[in-house]
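Undergrad: The structure file data.txt (compact mmCIF, C-alpha atoms and all ligand atoms) is provided below.
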```txt
# COMPACT_ATOMS: atom_id res chain seq x y z
CA MET K 14 35.18 1.46 15.27
CA ALA K 15 35.39 -2.23 14.41
CA SER K 16 34.11 -3.40 11.05
CA SER K 17 30.58 -4.75 11.22
CA GLY K 18 29.41 -7.85 9.35
CA HIS K 19 27.83 -5.59 6.81
CA GLU K 20 31.07 -3.73 6.17
CA THR K 21 33.09 -6.94 5.92
CA THR K 22 30.73 -8.34 3.29
CA ALA K 23 30.86 -5.06 1.42
CA VAL K 24 34.64 -5.16 1.41
CA ALA K 25 34.52 -8.73 0.07
CA VAL K 26 32.13 -7.70 -2.70
CA ALA K 27 34.31 -4.74 -3.63
CA MET K 28 37.44 -6.91 -3.65
CA ALA K 29 35.78 -9.56 -5.80
CA GLN K 30 35.33 -6.89 -8.42
CA SER K 31 39.01 -6.90 -9.10
CA GLY K 32 40.53 -3.54 -8.16
CA SER K 33 41.63 -2.20 -11.50
CA ASP K 34 38.40 -3.16 -13.28
CA ARG K 35 36.39 -1.40 -10.66
CA SER K 36 38.58 1.71 -10.78
CA SER K 37 38.28 1.97 -14.54
CA GLU K 38 34.52 1.46 -14.39
CA LEU K 39 34.25 4.20 -11.76
CA LYS K 40 36.40 6.52 -13.84
CA ALA K 41 34.44 5.82 -17.04
CA PHE K 42 31.19 6.57 -15.22
CA ASP K 43 32.62 9.74 -13.64
CA ASP K 44 33.95 10.95 -16.99
CA THR K 45 30.47 10.94 -18.53
CA LYS K 46 29.60 13.81 -16.10
CA ALA K 47 26.01 12.77 -16.69
CA GLY K 48 25.58 10.92 -13.41
CA VAL K 49 23.18 8.08 -12.72
CA LYS K 50 20.53 10.01 -14.62
CA GLY K 51 22.74 9.67 -17.72
CA LEU K 52 22.70 5.88 -17.37
CA VAL K 53 18.92 5.81 -17.04
CA ASP K 54 18.47 8.18 -19.99
CA ALA K 55 20.68 5.85 -22.04
CA GLY K 56 18.12 3.09 -21.39
CA ILE K 57 20.13 0.90 -19.03
CA THR K 58 18.17 -2.18 -17.91
CA LYS K 59 20.62 -3.62 -15.37
CA VAL K 60 22.37 -1.96 -12.47
CA PRO K 61 26.12 -1.76 -13.30
CA ARG K 62 28.18 -3.63 -10.75
CA ILE K 63 29.83 -0.52 -9.28
CA PHE K 64 26.39 0.21 -7.78
CA ILE K 65 25.66 -3.25 -6.40
CA HIS K 66 25.31 -3.30 -2.61
CA PRO K 67 25.76 -6.49 -0.62
CA ASN K 68 22.63 -8.47 0.15
CA ASP K 69 22.86 -8.20 3.90
CA ASP K 70 21.78 -4.58 3.54
CA CYS K 71 18.29 -6.17 3.39
CA ARG K 72 17.19 -3.28 1.26
CA LEU K 73 13.63 -4.39 0.85
CA ALA K 74 12.89 -5.07 4.50
CA PRO K 75 9.19 -5.86 4.92
CA PRO K 76 7.14 -2.80 5.78
CA ASN K 77 6.97 -2.48 9.50
CA THR K 78 3.96 -1.06 11.23
CA ARG K 79 5.08 -1.43 14.82
CA PHE K 80 6.20 2.16 15.08
CA THR K 81 4.71 5.48 14.13
CA PHE K 82 7.27 8.01 13.05
CA PRO K 83 6.96 11.14 15.25
CA THR K 84 5.46 14.34 13.88
CA ILE K 85 5.69 17.56 15.88
CA ASP K 86 3.47 20.60 15.30
CA LEU K 87 5.58 23.71 15.85
CA GLU K 88 2.63 26.11 15.76
CA ALA K 89 2.19 25.94 19.54
CA ILE K 90 5.67 27.35 20.13
CA ALA K 91 4.36 30.90 20.07
CA GLU K 92 1.17 30.14 22.01
CA GLY K 93 2.31 30.76 25.54
CA PRO K 94 4.74 29.03 27.92
CA LYS K 95 2.57 26.00 28.66
CA ARG K 96 2.09 25.01 25.03
CA ARG K 97 5.69 25.82 24.21
CA LYS K 98 6.83 23.51 27.00
CA LYS K 99 4.86 20.67 25.43
CA VAL K 100 6.62 21.18 22.08
CA VAL K 101 9.99 21.28 23.88
CA GLU K 102 9.16 17.96 25.55
CA GLU K 103 8.11 16.37 22.26
CA VAL K 104 11.34 17.52 20.61
CA ARG K 105 13.36 16.19 23.56
CA ASP K 106 11.64 12.78 23.45
CA ALA K 107 12.04 12.43 19.68
CA SER K 108 15.69 13.57 19.77
CA GLU K 109 16.50 11.08 22.51
CA SER K 110 14.63 8.06 21.19
CA TRP K 111 14.47 8.45 17.39
CA GLY K 112 17.05 11.09 16.50
CA PHE K 113 14.51 11.99 13.81
CA PHE K 114 11.13 13.68 13.59
CA ASN K 115 8.81 15.42 11.14
CA VAL K 116 7.82 19.04 11.80
CA ILE K 117 4.68 20.74 10.52
CA ASN K 118 3.69 24.42 10.79
CA HIS K 119 7.38 25.25 10.73
CA GLY K 120 7.03 28.61 8.99
CA VAL K 121 8.13 27.65 5.46
CA PRO K 122 5.11 27.96 3.12
CA GLU K 123 4.19 24.75 1.33
CA SER K 124 4.34 26.58 -2.01
CA ASP K 125 8.04 27.36 -1.38
CA LEU K 126 8.73 23.72 -0.50
CA ARG K 127 7.14 22.67 -3.79
CA GLU K 128 9.05 25.34 -5.69
CA THR K 129 12.34 24.19 -4.13
CA LEU K 130 11.74 20.58 -5.17
CA ARG K 131 10.73 21.75 -8.63
CA GLY K 132 13.82 23.97 -9.02
CA VAL K 133 16.13 21.13 -7.98
CA GLY K 134 14.34 18.73 -10.33
CA LYS K 135 14.82 21.21 -13.17
CA PHE K 136 18.55 21.44 -12.47
CA PHE K 137 18.97 17.68 -12.89
CA GLU K 138 16.58 17.45 -15.84
CA GLN K 139 18.11 20.24 -17.91
CA ASP K 140 20.17 19.29 -20.96
CA VAL K 141 23.34 17.40 -20.10
CA GLU K 142 25.71 19.93 -21.67
CA SER K 143 24.51 22.79 -19.43
CA LYS K 144 24.57 20.57 -16.36
CA LYS K 145 28.08 19.29 -17.11
CA ALA K 146 29.49 22.79 -16.59
CA TRP K 147 28.82 22.31 -12.86
CA TYR K 148 30.26 18.79 -12.61
CA THR K 149 33.27 18.82 -10.30
CA ARG K 150 34.96 17.15 -7.33
CA ASP K 151 36.81 20.34 -6.40
CA ASN K 152 35.77 21.01 -2.81
CA SER K 153 36.93 24.62 -2.95
CA LYS K 154 33.98 25.43 -5.27
CA ARG K 155 30.86 27.03 -3.77
CA THR K 156 28.61 24.72 -5.81
CA LEU K 157 29.46 21.16 -6.80
CA TYR K 158 27.40 18.79 -8.89
CA ASN K 159 28.53 15.18 -9.20
CA SER K 160 27.38 11.64 -8.66
CA ASN K 161 28.44 10.12 -5.33
CA PHE K 162 30.78 12.57 -3.56
CA ASP K 163 32.58 9.46 -2.25
CA LEU K 164 32.55 7.59 -5.58
CA TYR K 165 36.20 6.50 -5.37
CA SER K 166 36.27 5.64 -1.67
CA SER K 167 32.93 3.94 -1.05
CA LEU K 168 32.48 0.21 -1.35
CA ALA K 169 29.39 0.48 -3.54
CA ALA K 170 28.09 3.56 -5.32
CA ASN K 171 24.63 4.91 -4.60
CA TRP K 172 21.87 5.30 -7.21
CA ARG K 173 21.90 9.07 -6.84
CA ASP K 174 23.27 12.35 -8.20
CA THR K 175 23.84 15.39 -5.98
CA MET K 176 24.38 19.12 -6.22
CA ILE K 177 25.89 20.77 -3.13
CA ALA K 178 25.81 24.52 -2.47
CA PHE K 179 27.48 26.19 0.52
CA MET K 180 25.03 28.95 1.49
CA ALA K 181 26.20 30.27 4.87
CA PRO K 182 28.03 31.85 6.62
CA HIS K 183 29.37 33.27 3.34
CA PRO K 184 26.58 33.38 0.77
CA PRO K 185 27.65 32.48 -2.78
CA LYS K 186 27.73 35.18 -5.44
CA PRO K 187 24.68 34.81 -7.70
CA ASP K 188 26.73 33.43 -10.60
CA GLU K 189 28.15 30.75 -8.29
CA LEU K 190 24.69 29.12 -8.25
CA PRO K 191 23.00 27.54 -11.30
CA GLU K 192 20.53 30.04 -12.71
CA ILE K 193 17.83 27.42 -13.17
CA CYS K 194 17.30 27.09 -9.38
CA ARG K 195 19.24 30.12 -8.05
CA ASP K 196 16.40 32.30 -6.73
CA ILE K 197 14.54 29.53 -4.98
CA LEU K 198 17.72 28.11 -3.38
CA ILE K 199 18.57 31.55 -1.96
CA LYS K 200 15.02 32.03 -0.69
CA TYR K 201 14.77 28.51 0.73
CA SER K 202 18.11 28.68 2.49
CA ASP K 203 17.06 31.92 4.26
CA GLN K 204 13.86 30.19 5.38
CA VAL K 205 15.77 27.14 6.61
CA MET K 206 18.23 29.36 8.51
CA ALA K 207 15.26 30.98 10.31
CA LEU K 208 13.74 27.56 11.08
CA GLY K 209 17.18 26.39 12.24
CA ARG K 210 17.35 29.22 14.79
CA MET K 211 13.89 28.32 16.07
CA LEU K 212 14.92 24.67 16.42
CA LEU K 213 18.15 25.62 18.19
CA GLU K 214 16.14 27.54 20.78
CA VAL K 215 13.93 24.52 21.31
CA PHE K 216 16.92 22.12 21.46
CA SER K 217 18.54 24.44 24.06
CA GLU K 218 15.42 24.45 26.20
CA ALA K 219 15.08 20.69 25.77
CA MET K 220 18.52 20.36 27.35
CA GLY K 221 17.58 22.65 30.23
CA LEU K 222 19.73 25.52 28.91
CA GLU K 223 19.02 29.17 28.18
CA GLN K 224 17.11 29.63 24.92
CA ASN K 225 20.11 31.21 23.16
CA HIS K 226 22.73 28.73 24.30
CA LEU K 227 23.18 26.74 21.08
CA ILE K 228 22.81 29.80 18.84
CA ASP K 229 25.57 31.52 20.86
CA MET K 230 27.74 28.46 20.15
CA ASP K 231 27.36 29.23 16.41
CA LEU K 232 25.39 26.07 15.63
CA GLY K 233 23.12 28.05 13.31
CA LYS K 234 25.88 29.76 11.40
CA GLY K 235 26.85 27.42 8.58
CA LEU K 236 24.51 25.88 6.01
CA ALA K 237 25.33 23.45 3.21
CA ILE K 238 22.46 22.42 0.91
CA LEU K 239 22.62 18.95 -0.62
CA CYS K 240 20.17 18.56 -3.48
CA HIS K 241 19.68 14.88 -4.31
CA TYR K 242 18.18 13.34 -7.43
CA TYR K 243 17.41 9.60 -7.36
CA PRO K 244 16.59 8.43 -10.91
CA PRO K 245 14.22 5.48 -11.30
CA CYS K 246 16.16 2.26 -10.93
CA PRO K 247 15.62 -0.82 -13.13
CA GLN K 248 16.67 -3.21 -10.32
CA PRO K 249 16.00 -1.44 -7.03
CA GLU K 250 16.77 -4.55 -4.97
CA GLN K 251 20.39 -4.51 -6.20
CA THR K 252 21.41 -1.09 -4.93
CA LEU K 253 20.52 1.76 -2.58
CA GLY K 254 19.66 5.41 -3.17
CA THR K 255 21.72 6.32 -0.13
CA GLY K 256 23.60 3.73 1.91
CA LYS K 257 23.27 3.49 5.68
CA HIS K 258 24.94 6.47 7.42
CA THR K 259 24.62 9.08 10.13
CA ASP K 260 24.83 12.79 9.34
CA LYS K 261 28.14 14.46 10.12
CA ASP K 262 26.70 17.85 11.08
CA PHE K 263 24.89 19.41 14.04
CA PHE K 264 21.46 18.75 12.57
CA THR K 265 19.74 18.41 9.20
CA VAL K 266 16.52 19.85 7.80
CA LEU K 267 15.35 17.53 5.05
CA LEU K 268 12.72 18.17 2.41
CA GLN K 269 11.56 15.09 0.52
CA ASP K 270 9.05 14.73 -2.29
CA GLN K 271 6.17 12.25 -2.36
CA ILE K 272 8.04 9.20 -3.72
CA GLY K 273 9.29 7.87 -0.37
CA GLY K 274 12.21 5.58 0.39
CA LEU K 275 13.86 7.27 3.37
CA GLN K 276 14.15 4.85 6.29
CA VAL K 277 15.51 5.27 9.79
CA LEU K 278 16.92 2.53 12.01
CA HIS K 279 14.75 2.41 15.12
CA GLN K 280 15.08 -0.37 17.69
CA ASN K 281 17.01 -2.30 15.06
CA LEU K 282 14.22 -2.10 12.48
CA TRP K 283 14.08 0.01 9.34
CA VAL K 284 11.13 2.36 9.74
CA ASP K 285 9.78 4.41 6.81
CA VAL K 286 9.88 8.17 7.13
CA PRO K 287 6.54 8.81 5.44
CA PRO K 288 6.45 11.63 2.90
CA THR K 289 4.03 14.19 4.35
CA PRO K 290 3.04 17.18 2.21
CA GLY K 291 4.18 20.40 3.88
CA ALA K 292 6.34 18.64 6.47
CA LEU K 293 10.11 18.81 6.94
CA VAL K 294 12.20 16.04 8.46
CA ILE K 295 14.62 17.03 11.21
CA ASN K 296 17.45 14.76 12.26
CA ILE K 297 20.22 14.96 14.82
CA GLY K 298 23.77 14.90 13.45
CA GLU K 299 26.80 13.39 15.17
CA LEU K 300 28.10 16.80 16.29
CA LEU K 301 24.91 17.49 18.23
CA GLN K 302 25.13 14.05 19.78
CA LEU K 303 28.67 14.98 20.85
CA ILE K 304 27.83 18.33 22.43
CA THR K 305 24.78 16.88 24.19
CA ASN K 306 27.06 14.19 25.63
CA ASP K 307 24.94 11.45 23.96
CA LYS K 308 21.60 12.79 25.19
CA PHE K 309 20.37 13.38 21.63
CA LYS K 310 21.03 10.52 19.24
CA SER K 311 22.38 10.68 15.72
CA VAL K 312 20.66 7.71 14.13
CA GLU K 313 21.48 5.67 11.02
CA HIS K 314 19.27 6.13 8.00
CA ARG K 315 19.26 5.21 4.31
CA VAL K 316 17.23 5.67 1.14
CA VAL K 317 16.04 2.61 -0.77
CA ALA K 318 16.10 2.78 -4.56
CA ASN K 319 12.81 2.75 -6.42
CA SER K 320 11.58 2.00 -9.93
CA ARG K 321 8.67 4.42 -9.83
CA GLY K 322 10.18 7.67 -10.88
CA PRO K 323 12.81 10.18 -9.97
CA ARG K 324 12.86 11.12 -6.29
CA VAL K 325 14.08 14.58 -5.26
CA SER K 326 15.20 15.57 -1.78
CA VAL K 327 16.94 18.62 -0.35
CA ALA K 328 19.04 18.07 2.77
CA CYS K 329 20.15 21.25 4.58
CA PHE K 330 23.15 20.54 6.80
CA PHE K 331 23.90 22.86 9.70
CA THR K 332 27.68 22.67 10.03
CA THR K 333 30.73 24.91 9.75
CA HIS K 334 33.49 22.47 8.77
CA TYR K 335 34.13 24.34 5.49
CA ALA K 336 33.98 27.83 7.00
CA GLU K 337 37.13 28.30 9.09
CA ASN K 338 35.37 28.06 12.42
CA PRO K 339 38.14 27.87 15.06
CA ARG K 340 35.68 27.13 17.87
CA LEU K 341 36.15 23.95 19.87
CA TYR K 342 33.09 21.78 20.43
CA GLY K 343 32.75 19.35 23.28
CA PRO K 344 29.97 18.24 25.63
CA ILE K 345 28.30 21.32 27.15
CA LYS K 346 29.63 21.85 30.68
CA GLU K 347 26.26 22.93 32.12
CA ILE K 348 24.71 19.51 31.50
CA LEU K 349 27.56 17.45 32.96
CA SER K 350 27.32 15.99 36.43
CA GLU K 351 28.55 13.06 38.47
CA ASP K 352 25.83 10.96 36.84
CA ASN K 353 26.56 12.39 33.41
CA PRO K 354 30.36 12.47 33.11
CA LEU K 355 32.17 13.85 30.09
CA ASN K 356 32.06 11.39 27.13
CA TYR K 357 34.08 13.23 24.48
CA ARG K 358 37.09 15.45 24.00
CA GLU K 359 36.78 18.85 22.34
CA ILE K 360 37.24 19.16 18.57
CA THR K 361 36.71 21.65 15.77
CA THR K 362 34.08 20.86 13.16
CA LEU K 363 36.87 20.64 10.57
CA GLU K 364 38.89 18.11 12.60
CA TYR K 365 35.78 16.01 13.00
CA PHE K 366 34.88 16.13 9.34
CA GLN K 367 38.43 15.39 8.19
CA TYR K 368 38.59 12.32 10.38
CA TYR K 369 35.32 11.04 8.93
CA HIS K 370 36.48 11.85 5.41
CA GLU K 371 39.79 10.00 5.80
CA LYS K 372 38.08 6.92 7.19
CA GLY K 373 35.46 7.14 4.47
CA PRO K 374 32.97 4.33 4.27
CA TYR K 375 34.63 2.14 6.87
CA VAL K 376 33.20 4.10 9.79
CA ALA K 377 29.46 4.15 10.24
CA SER K 378 29.99 6.70 13.01
CA ALA K 379 33.03 8.91 13.58
CA LEU K 380 31.98 9.70 17.14
CA SER K 381 33.67 6.78 18.83
CA HIS K 382 37.07 8.12 17.73
CA PHE K 383 36.59 11.19 19.92
CA LYS K 384 35.26 9.29 22.93
CA LEU K 385 37.23 9.56 26.16
O1 LIG Y 401 17.42 11.83 0.41
C1 LIG Y 401 17.11 11.65 1.57
O2 LIG Y 401 15.95 11.50 1.93
C2 LIG Y 401 18.17 11.53 2.63
C3 LIG Y 401 19.49 12.12 2.27
C4 LIG Y 401 20.48 11.99 3.37
O3 LIG Y 401 20.34 11.19 4.25
C5 LIG Y 401 21.67 12.87 3.41
O4 LIG Y 401 21.87 13.71 2.51
O5 LIG Y 401 22.44 12.75 4.38
FE FE Y 402 21.65 11.67 5.91
```
As structure tokens, what does this structure read like?
TA:
Amino acid sequence: MASSGHETTAVAVAMAQSGSDRSSELKAFDDTKAGVKGLVDAGITKVPRIFIHPNDDCRLAPPNTRFTFPTIDLEAIAEGPKRRKKVVEEVRDASESWGFFNVINHGVPESDLRETLRGVGKFFEQDVESKKAWYTRDNSKRTLYNSNFDLYSSLAANWRDTMIAFMAPHPPKPDELPEICRDILIKYSDQVMALGRMLLEVFSEAMGLEQNHLIDMDLGKGLAILCHYYPPCPQPEQTLGTGKHTDKDFFTVLLQDQIGGLQVLHQNLWVDVPPTPGALVINIGELLQLITNDKFKSVEHRVVANSRGPRVSVACFFTTHYAENPRLYGPIKEILSEDNPLNYREITTLEYFQYYHEKGPYVASALSHFKL
């Protein structure tokens, strides 16, 4: 994919921060193992330049009220074929036009959502020495805590720390998860796996396929949990919590707290994804866009930084790229026709992820590489 204006400016900004200075600043930050939270705890009043994003990100776009972000009530799914059909249609519409939607009455009790956010918050807010034990960039680990998984390859670092745990298909041993949030992460990941299966049935029906089609393709098999902590930022207009990207999985189930800041690009405008107590955000990843032959859209989103207080979110990625899944994924044959000809070649989830990883921040979307 060609470099956009945004990416070109970002490259220029990164280059202006002469290479070796930037590398040593990145390394010094990484070596603290205390993440962005460590900077804030140390009383920093300015955003260090490794975190400065170029201005054309227009981080603080004026609030836009033209669109209402879709919310879908899943309760009706079990209330007979007619009501189920309506939910299927709503999911289809949102997946085609937004690539994103909120779900309510999804089966995960609100108290467990709160407990999950609390457990993740406690992990990041525990004393630095205990937290440091988990700090690593070794991808063979079952749990990794660090700041900016792409710290050394991105053009500007994000104002965010993350803990990743690979929960399925091979659950971690208990001592491979931090004790402070272990029980709730295990419980929550089981709940998300169940919700994921329900969503896969609905996605299958929304594509005119048998209910089990996507489950039988192993789309619900692998789950990676990304727990994000966005410390309050002294100059939120200088950086981003999460830069613009699309998700590189089949789909994501995202739990966010009440702070806000998640935005989705809709009709070329940044639209807020409003924090809604009890709701979960669902978004289509690039791999689902690929197997639906571009019917469902994987849409760019970002998180703006804020000065109001730490923000916690938990993004559950359905993917198998780390789990030796030899299966080839391409557009589903049953939906292809003369009017809907094949758009992509077949790939494994690992091949797809590796391509994205190698290209790093220079590709907003890795899909175009696999286009026919
Ligand atoms: O923190 C959020 O709300 C979004 C995180 C996200 O987009 C991601 O992990 O891919
Ligand atoms: Fe994302």
Undergrad: Using all atoms listed in the file, find each residue with an atom at most 8 Å away from ligand FE 402 (chain Y) and format the answer as a list of chain:residue names.
TA: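 So the residues close to ligand FE 402 (chain Y) are K:His258, K:Thr259, K:Asp260, K:Thr265, K:Glu313, K:His314, K:Arg315, K:Ala328.
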Undergrad: Name the closest residue to Cys329 (chain K) among the candidates K:Arg35, K:His66, K:Lys308, K:His241; distances are taken between atoms, counting all atoms listed in the file.
TA: K:His241
Undergrad: Give the residue list for ligand LIG 401 (chain Y) at 9 Å, counting only C-alpha atoms and all ligand atoms, as a PyMOL selection string, sorted by chain and then by residue number.
TA: chain K and resi 173+175+238-243+254-261+265+267-270+273-276+286+294+313-316+324-330
Undergrad: Suppose you want the space between CA of Leu190 (chain K) and CA of Phe136 (chain K); what is it in Å?
TA: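 About the pair CA of Leu190 (chain K) and CA of Phe136 (chain K): they are 10.7 Å apart.
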Undergrad: Separation of CA of Phe113 (chain K) and CA of Lys310 (chain K), in Å?
TA: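 Spanning CA of Phe113 (chain K) to CA of Lys310 (chain K) is a straight-line distance of 8.6 Å.
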Undergrad: May I ask for the distance between CA of Pro249 (chain K) and CA of Val60 (chain K), given in Å to one decimal place?
TA: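 Answer for the CA of Pro249 (chain K) to CA of Val60 (chain K) separation: 8.4 Å.
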Undergrad: Can you pull out every residue within 12 Å of Tyr357 (chain K), counting all atoms listed in the file, but drop anything in the same chain fewer than 2 positions away, and send it as a list in words?
TA: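 Skipping anything fewer than 2 positions along the chain leaves Glu299, Leu300, Leu301, Gln302, Leu303, Ile304, Thr305, Asn306, Asp307, Leu341, Tyr342, Gly343, Pro344, Ile345, Lys346, Leu349, Asn353, Pro354, Leu355, Glu359, Ile360, Tyr365, Ala379, Leu380, Ser381, His382, Phe383, Lys384 and Leu385 of chain K.
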Undergrad: Measuring between all atoms listed in the file, which one of K:Phe309, K:Phe366, K:Asn152, K:Gly291 shows the shortest distance to Arg127 (chain K)?
TA: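 Answer, going by the shortest atom-to-atom distance: K:Gly291.
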Undergrad: Excluding Ile65 (chain K) and any residue of its chain fewer than 2 positions from it, enumerate the residues within 9 Å of it, using all atoms listed in the file, and give them as a list in words.
TA: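 The residues satisfying every condition are Val26, Val60, Pro61, Arg62, Ile63, Pro67, Asn68, Ala169, Ala170, Asn171, Gln251, Thr252 and Leu253 of chain K.
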Undergrad: Show me the residues close to (25.1, 17.7, -25.3) - anything with an atom within 12 Å, counting all atoms listed in the file - and format the list as an MDAnalysis selection string.
TA: chainID K and resid 45:47 51 139:146
Undergrad: Excluding Pro339 (chain K) and any residue of its chain fewer than 5 positions from it, enumerate the residues within 9 Å of it, using only C-alpha atoms, and give them as a PyMOL selection string.
TA: chain K and resi 361-363
Undergrad: Since the input is missing atoms for region 274-282 of chain K, could you rebuild it with all heavy atoms and give the result as a PDB file, in the frame of the given file?
TA:
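Output saved as result31.pdb:
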```
ATOM      1  N   GLY K 274      10.997   6.393   0.475  1.00  0.00           N
ATOM      2  CA  GLY K 274      12.210   5.580   0.390  1.00  0.00           C
ATOM      3  C   GLY K 274      13.173   5.850   1.539  1.00  0.00           C
ATOM      4  O   GLY K 274      14.054   5.041   1.816  1.00  0.00           O
ATOM      5  N   LEU K 275      13.001   6.984   2.221  1.00  0.00           N
ATOM      6  CA  LEU K 275      13.860   7.270   3.370  1.00  0.00           C
ATOM      7  C   LEU K 275      13.440   6.379   4.540  1.00  0.00           C
ATOM      8  O   LEU K 275      12.254   6.268   4.838  1.00  0.00           O
ATOM      9  CB  LEU K 275      13.745   8.757   3.760  1.00  0.00           C
ATOM     10  CG  LEU K 275      14.474   9.202   5.025  1.00  0.00           C
ATOM     11  CD1 LEU K 275      15.987   8.986   4.919  1.00  0.00           C
ATOM     12  CD2 LEU K 275      14.183  10.669   5.336  1.00  0.00           C
ATOM     13  N   GLN K 276      14.431   5.728   5.143  1.00  0.00           N
ATOM     14  CA  GLN K 276      14.150   4.850   6.290  1.00  0.00           C
ATOM     15  C   GLN K 276      15.135   5.143   7.410  1.00  0.00           C
ATOM     16  O   GLN K 276      16.301   5.454   7.162  1.00  0.00           O
ATOM     17  CB  GLN K 276      14.300   3.385   5.877  1.00  0.00           C
ATOM     18  CG  GLN K 276      13.306   2.964   4.814  1.00  0.00           C
ATOM     19  CD  GLN K 276      13.485   1.517   4.403  1.00  0.00           C
ATOM     20  OE1 GLN K 276      14.594   0.972   4.499  1.00  0.00           O
ATOM     21  NE2 GLN K 276      12.422   0.884   3.942  1.00  0.00           N
ATOM     22  N   VAL K 277      14.655   5.018   8.632  1.00  0.00           N
ATOM     23  CA  VAL K 277      15.510   5.270   9.790  1.00  0.00           C
ATOM     24  C   VAL K 277      15.573   3.993  10.639  1.00  0.00           C
ATOM     25  O   VAL K 277      14.589   3.251  10.741  1.00  0.00           O
ATOM     26  CB  VAL K 277      14.995   6.510  10.576  1.00  0.00           C
ATOM     27  CG1 VAL K 277      13.520   6.453  10.830  1.00  0.00           C
ATOM     28  CG2 VAL K 277      15.731   6.700  11.880  1.00  0.00           C
ATOM     29  N   LEU K 278      16.747   3.744  11.201  1.00  0.00           N
ATOM     30  CA  LEU K 278      16.920   2.530  12.010  1.00  0.00           C
ATOM     31  C   LEU K 278      16.435   2.825  13.428  1.00  0.00           C
ATOM     32  O   LEU K 278      17.020   3.642  14.141  1.00  0.00           O
ATOM     33  CB  LEU K 278      18.402   2.149  12.014  1.00  0.00           C
ATOM     34  CG  LEU K 278      18.730   0.719  12.428  1.00  0.00           C
ATOM     35  CD1 LEU K 278      18.037  -0.307  11.540  1.00  0.00           C
ATOM     36  CD2 LEU K 278      20.235   0.484  12.413  1.00  0.00           C
ATOM     37  N   HIS K 279      15.333   2.172  13.802  1.00  0.00           N
ATOM     38  CA  HIS K 279      14.750   2.410  15.120  1.00  0.00           C
ATOM     39  C   HIS K 279      14.538   1.057  15.789  1.00  0.00           C
ATOM     40  O   HIS K 279      13.866   0.189  15.228  1.00  0.00           O
ATOM     41  CB  HIS K 279      13.423   3.167  14.959  1.00  0.00           C
ATOM     42  CG  HIS K 279      12.786   3.521  16.266  1.00  0.00           C
ATOM     43  ND1 HIS K 279      13.341   4.419  17.155  1.00  0.00           N
ATOM     44  CD2 HIS K 279      11.630   3.093  16.836  1.00  0.00           C
ATOM     45  CE1 HIS K 279      12.554   4.533  18.210  1.00  0.00           C
ATOM     46  NE2 HIS K 279      11.523   3.735  18.047  1.00  0.00           N
ATOM     47  N   GLN K 280      15.130   0.912  16.967  1.00  0.00           N
ATOM     48  CA  GLN K 280      15.080  -0.370  17.690  1.00  0.00           C
ATOM     49  C   GLN K 280      15.427  -1.519  16.739  1.00  0.00           C
ATOM     50  O   GLN K 280      14.748  -2.536  16.689  1.00  0.00           O
ATOM     51  CB  GLN K 280      13.716  -0.554  18.339  1.00  0.00           C
ATOM     52  CG  GLN K 280      13.459   0.553  19.347  1.00  0.00           C
ATOM     53  CD  GLN K 280      12.263   0.287  20.239  1.00  0.00           C
ATOM     54  OE1 GLN K 280      11.724  -0.807  20.271  1.00  0.00           O
ATOM     55  NE2 GLN K 280      11.861   1.299  20.982  1.00  0.00           N
ATOM     56  N   ASN K 281      16.477  -1.284  15.970  1.00  0.00           N
ATOM     57  CA  ASN K 281      17.010  -2.300  15.060  1.00  0.00           C
ATOM     58  C   ASN K 281      16.102  -2.676  13.897  1.00  0.00           C
ATOM     59  O   ASN K 281      16.300  -3.712  13.267  1.00  0.00           O
ATOM     60  CB  ASN K 281      17.399  -3.551  15.847  1.00  0.00           C
ATOM     61  CG  ASN K 281      18.841  -3.895  15.585  1.00  0.00           C
ATOM     62  OD1 ASN K 281      19.565  -3.130  14.919  1.00  0.00           O
ATOM     63  ND2 ASN K 281      19.260  -5.044  16.056  1.00  0.00           N
ATOM     64  N   LEU K 282      15.096  -1.855  13.631  1.00  0.00           N
ATOM     65  CA  LEU K 282      14.220  -2.100  12.480  1.00  0.00           C
ATOM     66  C   LEU K 282      14.253  -0.871  11.572  1.00  0.00           C
ATOM     67  O   LEU K 282      14.336   0.263  12.061  1.00  0.00           O
ATOM     68  CB  LEU K 282      12.767  -2.294  12.945  1.00  0.00           C
ATOM     69  CG  LEU K 282      12.429  -3.603  13.632  1.00  0.00           C
ATOM     70  CD1 LEU K 282      11.011  -3.526  14.193  1.00  0.00           C
ATOM     71  CD2 LEU K 282      12.534  -4.773  12.652  1.00  0.00           C
TER      72      LEU K 282
END
```
